[in-house]
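Have a look at model09.cif below; it lists mmCIF, C-alpha atoms.
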```cif
data_upload
#
loop_
_atom_site.label_atom_id
_atom_site.label_comp_id
_atom_site.auth_asym_id
_atom_site.auth_seq_id
_atom_site.Cartn_x
_atom_site.Cartn_y
_atom_site.Cartn_z
CA MET A 1 -11.43 10.79 -9.34
CA ALA A 2 -13.45 13.17 -7.20
CA ALA A 3 -12.79 15.97 -9.69
CA GLU A 4 -14.03 13.86 -12.59
CA THR A 5 -17.18 12.78 -10.75
CA LEU A 6 -18.01 16.38 -9.83
CA ALA A 7 -17.20 17.80 -13.26
CA ARG A 8 -19.34 15.18 -15.00
CA ALA A 9 -22.25 16.45 -12.90
CA GLY A 10 -21.70 19.97 -14.21
CA VAL A 11 -19.82 21.39 -11.21
CA ALA A 12 -16.99 23.87 -11.82
CA VAL A 13 -13.92 22.16 -10.33
CA THR A 14 -10.43 23.39 -9.46
CA VAL A 15 -7.75 20.91 -8.42
CA TYR A 16 -5.01 22.32 -6.20
CA ASP A 17 -1.76 20.34 -6.00
CA ARG A 18 1.45 21.30 -4.26
CA MET A 19 3.63 19.52 -6.82
CA PRO A 20 4.73 20.86 -10.25
CA SER A 21 2.67 18.14 -12.01
CA LEU A 22 -0.27 15.87 -11.25
CA GLY A 23 -0.29 12.16 -10.52
CA ARG A 24 3.28 11.64 -9.33
CA LYS A 25 2.37 8.96 -6.83
CA LEU A 26 0.24 7.22 -9.43
CA LEU A 27 3.25 7.21 -11.74
CA MET A 28 5.32 5.64 -8.97
CA ALA A 29 2.63 2.97 -8.49
CA GLY A 30 2.98 2.17 -12.18
CA ARG A 31 6.65 1.25 -11.94
CA GLY A 32 5.51 -2.31 -11.32
CA GLY A 33 2.94 -2.27 -14.11
CA LEU A 34 0.15 -0.26 -12.40
CA ASN A 35 -1.77 -2.90 -10.48
CA LEU A 36 -5.17 -1.16 -10.54
CA THR A 37 -7.28 -3.72 -8.73
CA HIS A 38 -7.84 -7.48 -8.30
CA SER A 39 -10.16 -9.93 -10.00
CA GLU A 40 -11.18 -12.06 -7.01
CA PRO A 41 -14.87 -12.19 -5.99
CA LEU A 42 -16.01 -9.03 -4.24
CA ALA A 43 -16.76 -10.83 -0.95
CA ASP A 44 -13.15 -12.05 -0.80
CA PHE A 45 -11.87 -8.69 -2.04
CA LEU A 46 -13.51 -6.83 0.84
CA LYS A 47 -11.87 -9.14 3.40
CA ARG A 48 -8.48 -7.72 2.35
CA TYR A 49 -9.31 -4.53 4.23
CA GLY A 50 -9.29 -6.36 7.55
CA GLU A 51 -11.15 -4.49 10.25
CA ALA A 52 -11.80 -1.45 8.08
CA ASP A 53 -14.85 0.67 8.80
CA GLU A 54 -18.06 -0.41 7.07
CA GLN A 55 -18.15 2.97 5.32
CA LEU A 56 -14.98 2.13 3.40
CA LEU A 57 -16.35 -1.27 2.42
CA ALA A 58 -19.59 0.35 1.29
CA ALA A 59 -17.64 2.74 -0.96
CA VAL A 60 -15.73 -0.14 -2.57
CA THR A 61 -18.96 -2.08 -2.99
CA ALA A 62 -20.56 0.92 -4.71
CA PHE A 63 -17.55 1.40 -7.00
CA PRO A 64 -16.15 -2.16 -7.25
CA PRO A 65 -13.26 -3.56 -9.31
CA ALA A 66 -15.54 -4.08 -12.32
CA ALA A 67 -16.39 -0.37 -12.33
CA LEU A 68 -12.73 0.62 -12.07
CA ARG A 69 -11.83 -1.67 -14.96
CA ALA A 70 -14.64 -0.20 -17.06
CA TRP A 71 -13.40 3.29 -16.26
CA ALA A 72 -9.84 2.39 -17.31
CA ASP A 73 -11.12 0.73 -20.49
CA GLU A 74 -12.99 3.95 -21.36
CA LEU A 75 -9.67 5.80 -21.15
CA GLY A 76 -8.17 3.37 -23.65
CA ALA A 77 -6.15 1.58 -20.98
CA ASP A 78 -7.70 -1.84 -21.64
CA THR A 79 -7.08 -4.10 -18.68
CA PHE A 80 -6.16 -7.75 -18.31
CA VAL A 81 -5.96 -10.21 -15.41
CA GLY A 82 -2.50 -11.49 -14.59
CA SER A 83 -1.68 -14.99 -13.41
CA SER A 84 -2.01 -13.92 -9.75
CA GLY A 85 -5.46 -12.41 -10.34
CA ARG A 86 -4.14 -8.86 -10.29
CA VAL A 87 -5.52 -6.43 -12.86
CA PHE A 88 -3.22 -4.27 -15.02
CA PRO A 89 -3.56 -2.04 -18.08
CA LYS A 90 -2.30 -3.89 -21.13
CA ALA A 91 0.38 -1.24 -21.65
CA LEU A 92 1.72 -2.02 -18.15
CA LYS A 93 2.37 1.70 -17.77
CA THR A 94 0.74 4.61 -15.97
CA SER A 95 1.70 7.44 -18.31
CA PRO A 96 -0.71 6.63 -21.20
CA LEU A 97 -3.65 6.33 -18.81
CA LEU A 98 -2.67 9.48 -16.91
CA ARG A 99 -2.24 11.55 -20.06
CA THR A 100 -5.67 10.55 -21.37
CA TRP A 101 -7.24 11.09 -17.95
CA LEU A 102 -5.84 14.61 -17.63
CA LEU A 103 -7.08 15.39 -21.14
CA ARG A 104 -10.54 14.17 -20.12
CA LEU A 105 -10.49 16.42 -17.05
CA ARG A 106 -9.43 19.37 -19.18
CA ASN A 107 -12.28 18.67 -21.62
CA LEU A 108 -14.68 18.56 -18.68
CA GLY A 109 -13.56 22.06 -17.73
CA VAL A 110 -11.48 21.13 -14.70
CA THR A 111 -8.95 23.83 -13.76
CA VAL A 112 -5.60 22.78 -12.27
CA LYS A 113 -3.53 24.95 -9.94
CA LEU A 114 -0.04 23.52 -9.42
CA ARG A 115 2.55 24.44 -6.79
CA HIS A 116 -0.24 25.36 -4.36
CA CYS A 117 0.40 24.02 -0.87
CA TRP A 118 -2.67 23.91 1.40
CA GLU A 119 -2.16 25.57 4.77
CA GLY A 120 -5.66 25.30 6.22
CA TRP A 121 -8.30 27.99 6.61
CA ASP A 122 -7.91 31.69 7.27
CA GLU A 123 -9.92 33.63 9.86
CA ASP A 124 -12.71 34.17 7.33
CA GLY A 125 -13.09 30.44 6.67
CA GLN A 126 -11.44 30.59 3.27
CA LEU A 127 -9.03 27.90 2.08
CA LEU A 128 -5.49 29.19 2.39
CA PHE A 129 -2.69 28.15 0.02
CA LYS A 130 0.94 29.06 -0.27
CA ALA A 131 1.96 29.44 -3.93
CA GLY A 132 5.64 30.32 -4.04
CA ASP A 133 5.99 33.52 -2.03
CA GLU A 134 2.30 34.35 -2.33
CA LYS A 135 -0.65 33.55 -0.10
CA VAL A 136 -3.81 32.56 -1.98
CA SER A 137 -7.28 32.44 -0.39
CA VAL A 138 -10.32 30.88 -2.04
CA LYS A 139 -13.90 30.27 -0.91
CA PRO A 140 -15.43 27.32 -2.79
CA ASP A 141 -18.95 26.06 -2.22
CA VAL A 142 -17.63 22.60 -1.38
CA VAL A 143 -14.22 21.02 -0.73
CA VAL A 144 -12.83 17.52 -1.23
CA LEU A 145 -9.57 16.86 0.60
CA ALA A 146 -7.51 14.07 -0.99
CA MET A 147 -3.92 14.63 0.12
CA GLY A 148 -2.80 11.07 0.74
CA GLY A 149 -0.90 9.57 3.63
CA ALA A 150 2.78 10.08 4.40
CA SER A 151 4.66 7.49 2.35
CA TRP A 152 7.00 8.71 -0.42
CA PRO A 153 6.60 12.37 0.67
CA LYS A 154 8.82 13.61 -2.15
CA LEU A 155 5.95 12.69 -4.50
CA GLY A 156 3.57 15.07 -2.77
CA SER A 157 1.77 13.37 0.12
CA ASP A 158 3.79 14.37 3.17
CA GLY A 159 1.10 14.19 5.86
CA ARG A 160 1.43 17.85 6.87
CA TRP A 161 -2.36 18.06 6.84
CA VAL A 162 -2.48 16.04 10.09
CA ASP A 163 -1.52 19.01 12.26
CA ILE A 164 -3.91 21.30 10.38
CA LEU A 165 -6.91 19.05 10.95
CA ARG A 166 -5.98 18.23 14.53
CA GLY A 167 -5.92 21.98 15.07
CA GLU A 168 -9.54 21.95 13.86
CA LYS A 169 -10.37 19.28 16.48
CA VAL A 170 -10.56 16.47 13.92
CA ALA A 171 -9.50 13.09 15.39
CA VAL A 172 -6.64 11.62 13.36
CA ALA A 173 -5.09 8.22 14.08
CA PRO A 174 -1.26 8.43 13.90
CA LEU A 175 0.11 7.77 10.43
CA GLN A 176 2.21 4.60 10.35
CA PRO A 177 4.12 2.74 7.65
CA ALA A 178 2.16 0.01 5.84
CA ASN A 179 3.24 -2.44 3.15
CA CYS A 180 6.72 -1.82 4.48
CA GLY A 181 9.98 -3.61 5.17
CA PHE A 182 11.48 -4.47 8.54
CA THR A 183 14.89 -4.52 10.17
CA ALA A 184 16.66 -7.67 11.35
CA ALA A 185 19.99 -8.27 13.06
CA TRP A 186 21.70 -9.97 10.12
CA SER A 187 25.25 -11.25 10.36
CA ASP A 188 27.91 -9.83 8.07
CA VAL A 189 27.56 -12.99 5.95
CA LEU A 190 23.83 -12.54 5.40
CA ARG A 191 24.22 -8.82 4.77
CA GLY A 192 26.46 -9.86 1.90
CA PHE A 193 23.33 -11.22 0.20
CA ALA A 194 21.60 -7.81 0.24
CA GLY A 195 19.53 -7.45 -2.90
CA GLN A 196 19.09 -11.21 -3.32
CA PRO A 197 15.50 -12.50 -3.47
CA LEU A 198 13.94 -15.35 -1.58
CA LYS A 199 11.67 -16.73 -4.29
CA ARG A 200 8.49 -18.81 -4.01
CA ILE A 201 8.39 -18.73 -0.22
CA ALA A 202 5.61 -18.57 2.37
CA ILE A 203 5.87 -16.31 5.41
CA THR A 204 3.80 -16.90 8.52
CA PHE A 205 3.16 -14.61 11.45
CA GLY A 206 0.65 -15.71 14.06
CA GLU A 207 -2.30 -17.21 12.24
CA ARG A 208 -1.67 -15.40 8.96
CA SER A 209 0.44 -16.55 6.04
CA ALA A 210 1.38 -15.08 2.69
CA ARG A 211 3.13 -16.57 -0.32
CA GLY A 212 5.35 -14.74 -2.75
CA GLU A 213 8.84 -13.31 -2.66
CA ALA A 214 10.94 -11.29 -0.25
CA MET A 215 14.24 -9.50 -0.55
CA VAL A 216 17.12 -9.52 1.91
CA THR A 217 18.41 -5.98 2.46
CA GLN A 218 21.41 -4.60 4.32
CA SER A 219 19.22 -3.90 7.32
CA GLY A 220 16.47 -6.50 7.09
CA ILE A 221 13.81 -7.80 4.74
CA GLU A 222 11.16 -6.41 2.37
CA GLY A 223 9.01 -7.56 -0.55
CA GLY A 224 5.54 -8.72 -1.44
CA ALA A 225 5.24 -11.64 0.98
CA ILE A 226 6.34 -9.52 3.94
CA TYR A 227 4.21 -6.54 2.87
CA ALA A 228 1.09 -8.71 3.03
CA LEU A 229 1.72 -9.26 6.76
CA SER A 230 3.18 -5.86 7.55
CA SER A 231 0.26 -4.53 9.60
CA PRO A 232 0.19 -7.24 12.31
CA ILE A 233 4.01 -7.40 12.34
CA ARG A 234 4.23 -3.61 12.75
CA ASP A 235 1.69 -3.66 15.57
CA ALA A 236 3.56 -6.47 17.35
CA ILE A 237 6.88 -4.64 17.13
CA THR A 238 5.24 -1.46 18.41
CA LYS A 239 3.85 -3.39 21.36
CA ASP A 240 6.67 -5.83 22.17
CA GLY A 241 9.78 -4.36 20.53
CA ALA A 242 10.26 -7.35 18.20
CA ALA A 243 8.33 -9.95 16.23
CA THR A 244 9.34 -13.40 14.97
CA ILE A 245 8.14 -14.64 11.60
CA THR A 246 8.73 -18.06 10.08
CA ILE A 247 9.70 -18.57 6.47
CA ASP A 248 8.83 -21.73 4.58
CA LEU A 249 11.57 -21.88 1.97
CA LEU A 250 9.83 -24.67 0.03
CA PRO A 251 6.07 -24.37 0.56
CA ASP A 252 5.26 -26.80 -2.26
CA VAL A 253 7.33 -29.63 -0.76
CA THR A 254 6.23 -31.49 2.38
CA ALA A 255 8.52 -32.00 5.35
CA ALA A 256 8.25 -35.76 4.82
CA LYS A 257 9.41 -35.46 1.22
CA LEU A 258 12.28 -33.20 2.24
CA THR A 259 13.32 -35.64 4.95
CA GLU A 260 13.38 -38.41 2.37
CA ARG A 261 15.56 -36.35 0.02
CA LEU A 262 17.96 -35.32 2.79
CA SER A 263 18.30 -38.88 4.06
CA ALA A 264 20.11 -39.89 0.86
CA PRO A 265 23.84 -40.65 1.20
CA ARG A 266 25.88 -37.45 1.06
CA GLY A 267 29.17 -39.04 0.16
CA LYS A 268 32.06 -36.56 -0.07
CA GLN A 269 29.84 -33.61 -0.91
CA SER A 270 29.87 -30.59 1.38
CA LEU A 271 26.61 -30.06 3.21
CA THR A 272 25.99 -26.86 1.26
CA ASN A 273 26.38 -28.62 -2.10
CA PHE A 274 24.29 -31.54 -0.92
CA LEU A 275 21.48 -29.22 0.18
CA ARG A 276 21.71 -27.17 -3.00
CA LYS A 277 21.37 -30.26 -5.20
CA ASN A 278 18.60 -31.86 -3.16
CA THR A 279 16.51 -28.80 -2.40
CA HIS A 280 17.44 -26.39 -5.25
CA LEU A 281 17.55 -23.59 -2.68
CA ALA A 282 19.44 -20.42 -3.63
CA ALA A 283 22.58 -19.41 -1.77
CA VAL A 284 20.77 -16.71 0.18
CA ALA A 285 18.21 -19.24 1.43
CA LEU A 286 20.92 -21.68 2.43
CA SER A 287 22.74 -18.93 4.32
CA LEU A 288 19.52 -18.10 6.14
CA LEU A 289 19.17 -21.77 7.00
CA HIS A 290 22.74 -22.00 8.37
CA GLU A 291 22.21 -18.94 10.56
CA ALA A 292 18.90 -20.23 11.89
CA ALA A 293 20.60 -23.47 12.95
CA LEU A 294 23.40 -21.60 14.71
CA ALA A 295 20.83 -19.45 16.48
CA LYS A 296 19.36 -22.68 17.86
CA GLY A 297 22.78 -23.63 19.25
CA LYS A 298 24.05 -26.15 16.70
CA PRO A 299 25.63 -25.98 13.25
CA LEU A 300 23.45 -27.21 10.42
CA SER A 301 25.80 -30.16 9.90
CA ALA A 302 24.95 -31.46 13.38
CA LEU A 303 21.23 -31.68 12.67
CA SER A 304 19.34 -34.76 11.47
CA PRO A 305 17.67 -34.82 8.05
CA ALA A 306 14.26 -34.54 9.70
CA THR A 307 15.35 -31.53 11.77
CA ILE A 308 16.84 -29.78 8.72
CA ALA A 309 13.63 -30.48 6.80
CA ALA A 310 11.57 -28.99 9.63
CA LEU A 311 13.83 -25.95 9.67
CA ILE A 312 13.46 -25.44 5.92
CA LYS A 313 9.70 -25.46 6.42
CA ALA A 314 9.82 -22.88 9.22
CA VAL A 315 12.96 -20.74 9.43
CA PRO A 316 12.48 -18.31 12.33
CA VAL A 317 13.51 -14.71 11.70
CA THR A 318 13.27 -12.08 14.42
CA LEU A 319 12.35 -8.63 13.15
CA THR A 320 13.53 -5.79 15.36
CA GLY A 321 12.11 -2.65 13.79
CA VAL A 322 9.95 -1.08 11.11
CA GLN A 323 11.44 0.72 8.14
CA PRO A 324 10.63 4.45 7.96
CA ILE A 325 7.25 5.60 6.68
CA GLU A 326 9.03 7.61 3.97
CA THR A 327 10.06 4.36 2.26
CA ALA A 328 6.80 2.47 2.80
CA ILE A 329 4.47 1.73 -0.11
CA SER A 330 1.51 3.12 1.82
CA SER A 331 0.55 4.38 5.25
CA ALA A 332 -2.02 3.34 7.81
CA GLY A 333 -3.86 5.68 10.13
CA GLY A 334 -5.57 8.92 9.22
CA ILE A 335 -8.88 10.64 9.83
CA ARG A 336 -11.08 8.39 11.91
CA PHE A 337 -14.35 7.39 10.27
CA SER A 338 -16.21 8.54 13.38
CA GLU A 339 -15.34 12.08 12.21
CA LEU A 340 -17.33 11.57 8.98
CA ASP A 341 -21.02 11.46 8.23
CA ASP A 342 -22.40 8.81 5.88
CA HIS A 343 -21.35 10.88 2.84
CA PHE A 344 -17.65 11.27 3.76
CA MET A 345 -18.16 14.81 5.07
CA LEU A 346 -16.36 16.02 8.19
CA ARG A 347 -19.00 16.40 10.88
CA ASN A 348 -17.51 19.60 12.29
CA SER A 349 -16.62 21.18 8.92
CA ARG A 350 -19.74 21.48 6.81
CA GLY A 351 -19.10 21.09 3.12
CA VAL A 352 -15.65 19.51 3.57
CA PHE A 353 -15.31 15.92 2.31
CA VAL A 354 -12.37 13.51 2.55
CA ALA A 355 -11.12 10.69 0.33
CA GLY A 356 -8.21 8.30 -0.14
CA GLU A 357 -5.30 7.56 2.17
CA MET A 358 -6.16 10.50 4.40
CA LEU A 359 -8.72 8.15 5.94
CA ASP A 360 -7.97 5.56 8.60
CA TRP A 361 -7.76 2.30 6.66
CA ASP A 362 -5.10 -0.18 5.62
CA ALA A 363 -4.79 -2.78 2.87
CA PRO A 364 -2.14 -4.99 1.29
CA THR A 365 -0.68 -4.50 -2.15
CA GLY A 366 -2.42 -6.32 -4.99
CA GLY A 367 -4.73 -3.59 -6.27
CA TYR A 368 -6.55 -3.00 -2.98
CA LEU A 369 -4.87 0.33 -2.24
CA LEU A 370 -5.71 1.97 -5.56
CA GLN A 371 -9.21 0.46 -5.61
CA ALA A 372 -10.15 2.01 -2.26
CA SER A 373 -8.57 5.33 -3.21
CA PHE A 374 -10.59 5.51 -6.43
CA ALA A 375 -13.76 4.31 -4.69
CA THR A 376 -13.57 6.82 -1.85
CA GLY A 377 -12.87 9.57 -4.40
CA VAL A 378 -16.17 8.71 -6.09
CA ALA A 379 -17.99 8.43 -2.74
CA ALA A 380 -16.71 11.78 -1.44
CA ALA A 381 -17.65 13.50 -4.72
CA GLN A 382 -21.13 12.01 -4.63
CA GLY A 383 -21.47 13.24 -1.06
CA ALA A 384 -20.32 16.68 -2.20
CA LEU A 385 -22.94 16.69 -4.97
CA ALA A 386 -25.67 15.83 -2.50
CA TRP A 387 -24.45 18.60 -0.19
CA LEU A 388 -24.46 21.15 -3.00
CA LYS A 389 -27.96 20.16 -4.00
CA SER A 390 -29.32 20.44 -0.45
CA SER A 391 -27.49 23.68 0.36
CA ARG A 392 -28.88 25.41 -2.74
CA LYS A 393 -32.52 24.69 -1.90
#
```

Output the file's structure as structure tokens, nothing else.
Amino acid sequence: MAAETLARAGVAVTVYDRMPSLGRKLLMAGRGGLNLTHSEPLADFLKRYGEADEQLLAAVTAFPPAALRAWADELGADTFVGSSGRVFPKALKTSPLLRTWLLRLRNLGVTVKLRHCWEGWDEDGQLLFKAGDEKVSVKPDVVVLAMGGASWPKLGSDGRWVDILRGEKVAVAPLQPANCGFTAAWSDVLRGFAGQPLKRIAITFGERSARGEAMVTQSGIEGGAIYALSSPIRDAITKDGAATITIDLLPDVTAAKLTERLSAPRGKQSLTNFLRKNTHLAAVALSLLHEAALAKGKPLSALSPATIAALIKAVPVTLTGVQPIETAISSAGGIRFSELDDHFMLRNSRGVFVAGEMLDWDAPTGGYLLQASFATGVAAAQGALAWLKSSRK
């Protein structure tokens, strides 16, 4: 995005990428349909970035979801709003958009150098790359760094730049997994449900809740509803060693209504069959319910209808660890905004600008990650253009 913005302004641009092809992480993002952004009002949209620096919010405000949708439409990837408010290309694929985008960059004169791994600066202040067995040095007029965080490193963004920039006295907050799964001490029975979804649930941690789905794994839990709360859960586990969430297995049914249903005569039915027929909960949810009751010291069969109803509305699950950053959807942490001027330039490296997940911000899935990455790409490029203009006077 930075390359396009610069090239449109008539700047000669070279993109260096350590991978054999461009856009691998974008292609991975498209496996779920390429959720580009979200359609909610901008004021609500900006709240999704939590306590993010005002500079990030200003970049998203300057290049908002409407601008990103218009950009995608220009590439022939007409967008639509899904039932959840998320915005997707109608093709629900990344590859058509990426192919057209790369063609546009080529037509704008952008040069691409693949298999070039950035290793910092040499003693003469030139950018230093490793390309196979060769060392390549270049001295551009301006630089935009956009090397991502540290999630899915096999796609290119492995976070090796952290040590390089710290060596240049740039303050970098530790990279941490975001939009990630967590570990839990499941029983052998519950581990047998690995891969089974908990559908249409609501998860609560502290004062925050999120609705959606989650997936039981061999080692814990992951999925959209848990990703939305991953930052505070991660921070709590880092601080206290564990964190307890509650899962509402039937968020659209009140506890009173459930109590009424469960107070009906059970007859000769087993409790599991009775619950399945009266709550329509899946087997994995019922197993979770049984284990939660045992954790409280009594089998589910010994609990009253009202107590079972209350448990269905708030099943406690203790999370004991965070899944590795390599498997996370995104990463938090990065270059602190205090290191940047108002134009996304490093204060102690004149002419070097930064964009994307290299910066210290965090956001849930739902289009917010890509939106901020695109927006900061535009902002950094605009800062670079202003720098070029002033330095040539």

| request: Apply the PyMOL selection byres ((chain A and resi 161-171) around 10) to the structure shown and report the selected residues as a list in words. | output: Trp118, Glu119, Gly120, Trp121, Leu145, Met147, Gly148, Gly149, Ala150, Ser157, Asp158, Gly159, Arg160, Val172, Ala173, Pro174, Leu175, Gly334, Ile335, Arg336, Phe337, Ser338, Glu339, Leu340, Leu346, Arg347, Asn348, Ser349 and Met358 of chain A

What would the selection look like, as a CSV table (one decimal) with C-alpha atoms, in the frame of the given file, if the PyMOL selection byres ((chain A and resi 37) around 12) were run on the coordinates I just shared?
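The result, stored in result.csv:
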```csv
chain,number,residue,atom,x,y,z
A,29,ALA,CA,2.6,3.0,-8.5
A,33,GLY,CA,2.9,-2.3,-14.1
A,34,LEU,CA,0.2,-0.3,-12.4
A,35,ASN,CA,-1.8,-2.9,-10.5
A,36,LEU,CA,-5.2,-1.2,-10.5
A,38,HIS,CA,-7.8,-7.5,-8.3
A,39,SER,CA,-10.2,-9.9,-10.0
A,40,GLU,CA,-11.2,-12.1,-7.0
A,41,PRO,CA,-14.9,-12.2,-6.0
A,42,LEU,CA,-16.0,-9.0,-4.2
A,45,PHE,CA,-11.9,-8.7,-2.0
A,46,LEU,CA,-13.5,-6.8,0.8
A,48,ARG,CA,-8.5,-7.7,2.4
A,60,VAL,CA,-15.7,-0.1,-2.6
A,63,PHE,CA,-17.6,1.4,-7.0
A,64,PRO,CA,-16.2,-2.2,-7.2
A,65,PRO,CA,-13.3,-3.6,-9.3
A,66,ALA,CA,-15.5,-4.1,-12.3
A,67,ALA,CA,-16.4,-0.4,-12.3
A,68,LEU,CA,-12.7,0.6,-12.1
A,69,ARG,CA,-11.8,-1.7,-15.0
A,70,ALA,CA,-14.6,-0.2,-17.1
A,71,TRP,CA,-13.4,3.3,-16.3
A,72,ALA,CA,-9.8,2.4,-17.3
A,79,THR,CA,-7.1,-4.1,-18.7
A,80,PHE,CA,-6.2,-7.8,-18.3
A,81,VAL,CA,-6.0,-10.2,-15.4
A,82,GLY,CA,-2.5,-11.5,-14.6
A,84,SER,CA,-2.0,-13.9,-9.8
A,85,GLY,CA,-5.5,-12.4,-10.3
A,86,ARG,CA,-4.1,-8.9,-10.3
A,87,VAL,CA,-5.5,-6.4,-12.9
A,88,PHE,CA,-3.2,-4.3,-15.0
A,89,PRO,CA,-3.6,-2.0,-18.1
A,363,ALA,CA,-4.8,-2.8,2.9
A,364,PRO,CA,-2.1,-5.0,1.3
A,365,THR,CA,-0.7,-4.5,-2.2
A,366,GLY,CA,-2.4,-6.3,-5.0
A,367,GLY,CA,-4.7,-3.6,-6.3
A,368,TYR,CA,-6.6,-3.0,-3.0
A,369,LEU,CA,-4.9,0.3,-2.2
A,370,LEU,CA,-5.7,2.0,-5.6
A,371,GLN,CA,-9.2,0.5,-5.6
A,372,ALA,CA,-10.2,2.0,-2.3
A,373,SER,CA,-8.6,5.3,-3.2
A,374,PHE,CA,-10.6,5.5,-6.4
A,375,ALA,CA,-13.8,4.3,-4.7
```

| task | Can you turn the PyMOL selection byres ((chain A and resi 314-317) around 7) into a concrete residue list for this file, as a PyMOL selection string? | result | chain A and resi 244-248+289+292+310-313+318-319

| query | Looking at A:Gly30, A:Gly76, A:Gly125, A:Pro153, which one is nearest to Lys93 of chain A, with distances taken over only C-alpha atoms? | reply | A:Gly30

| request: Write out as a list in words which residues come within 10 Å of segment 385-389 of chain A when counting all atoms listed in the file, dropping same-chain ones fewer than 4 positions away. | output: Thr5, Leu6, Ala9, Gly10, Val11, Asp141, Val142, His343, Met345, Arg350, Gly351, Val352, Phe353, Ala379, Ala380, Ala381 and Lys393 of chain A

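Closest approach to Asp252 of chain A from the set A:Arg211, A:Ser151, A:Ser391, A:Ser331 is made by A:Arg211, with distances taken over all atoms listed in the file.
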
| message | For a test of reading the model, state the distance in Å between atom CA of Pro232 of chain A and atom CA of Gly220 of chain A, rounded to one decimal. | response | 17.1 Å

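Relative to atom CA of Thr376 of chain A, atom CA of Arg8 of chain A is found at 16.6 Å.
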
| request: Kindly indicate which residue among A:Thr327, A:Gly224, A:Asp53, A:Ser187 lies nearest to Ala295 of chain A, using all atoms listed in the file for the distances. | output: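 Among the listed residues, the smallest separation from Ala295 of chain A belongs to A:Ser187.
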
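Counting from atom CA of Val378 of chain A, the distance to atom CA of Ser230 of chain A is 27.8 Å.
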
| request: Give as a list in words every residue, naming chains and numbers as the document does, that has an atom within 12 Å of (10.2, -7.4, 19.1), counting all atoms listed in the file. | output: Phe182, Thr183, Ala184, Ala185, Ile233, Arg234, Asp235, Ala236, Ile237, Thr238, Lys239, Asp240, Gly241, Ala242, Ala243, Thr244, Ile245, Val317, Thr318, Leu319, Thr320, Gly321 and Val322 of chain A

| With distances taken over only C-alpha atoms, which of A:Glu260, A:Asp17, A:Glu74, A:Asp341 is nearest to Ile308 of chain A? |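 Under the stated criterion, the closest residue is A:Glu260.
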
Listed atoms of segment 368-380 of chain A boxed along x, y and z, 8 Å each side, centre and edge lengths in Å, one decimal, as AutoDock Vina command-line options:
```
--center_x -11.4 --center_y 4.4 --center_z -3.9 --size_x 29.1 --size_y 30.8 --size_z 21.0
```

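The nearest approach to Glu4 of chain A among the residues A:Gly333, A:Gly109, A:Gly267, A:Pro324, with all atoms listed in the file taken into account, belongs to A:Gly109.
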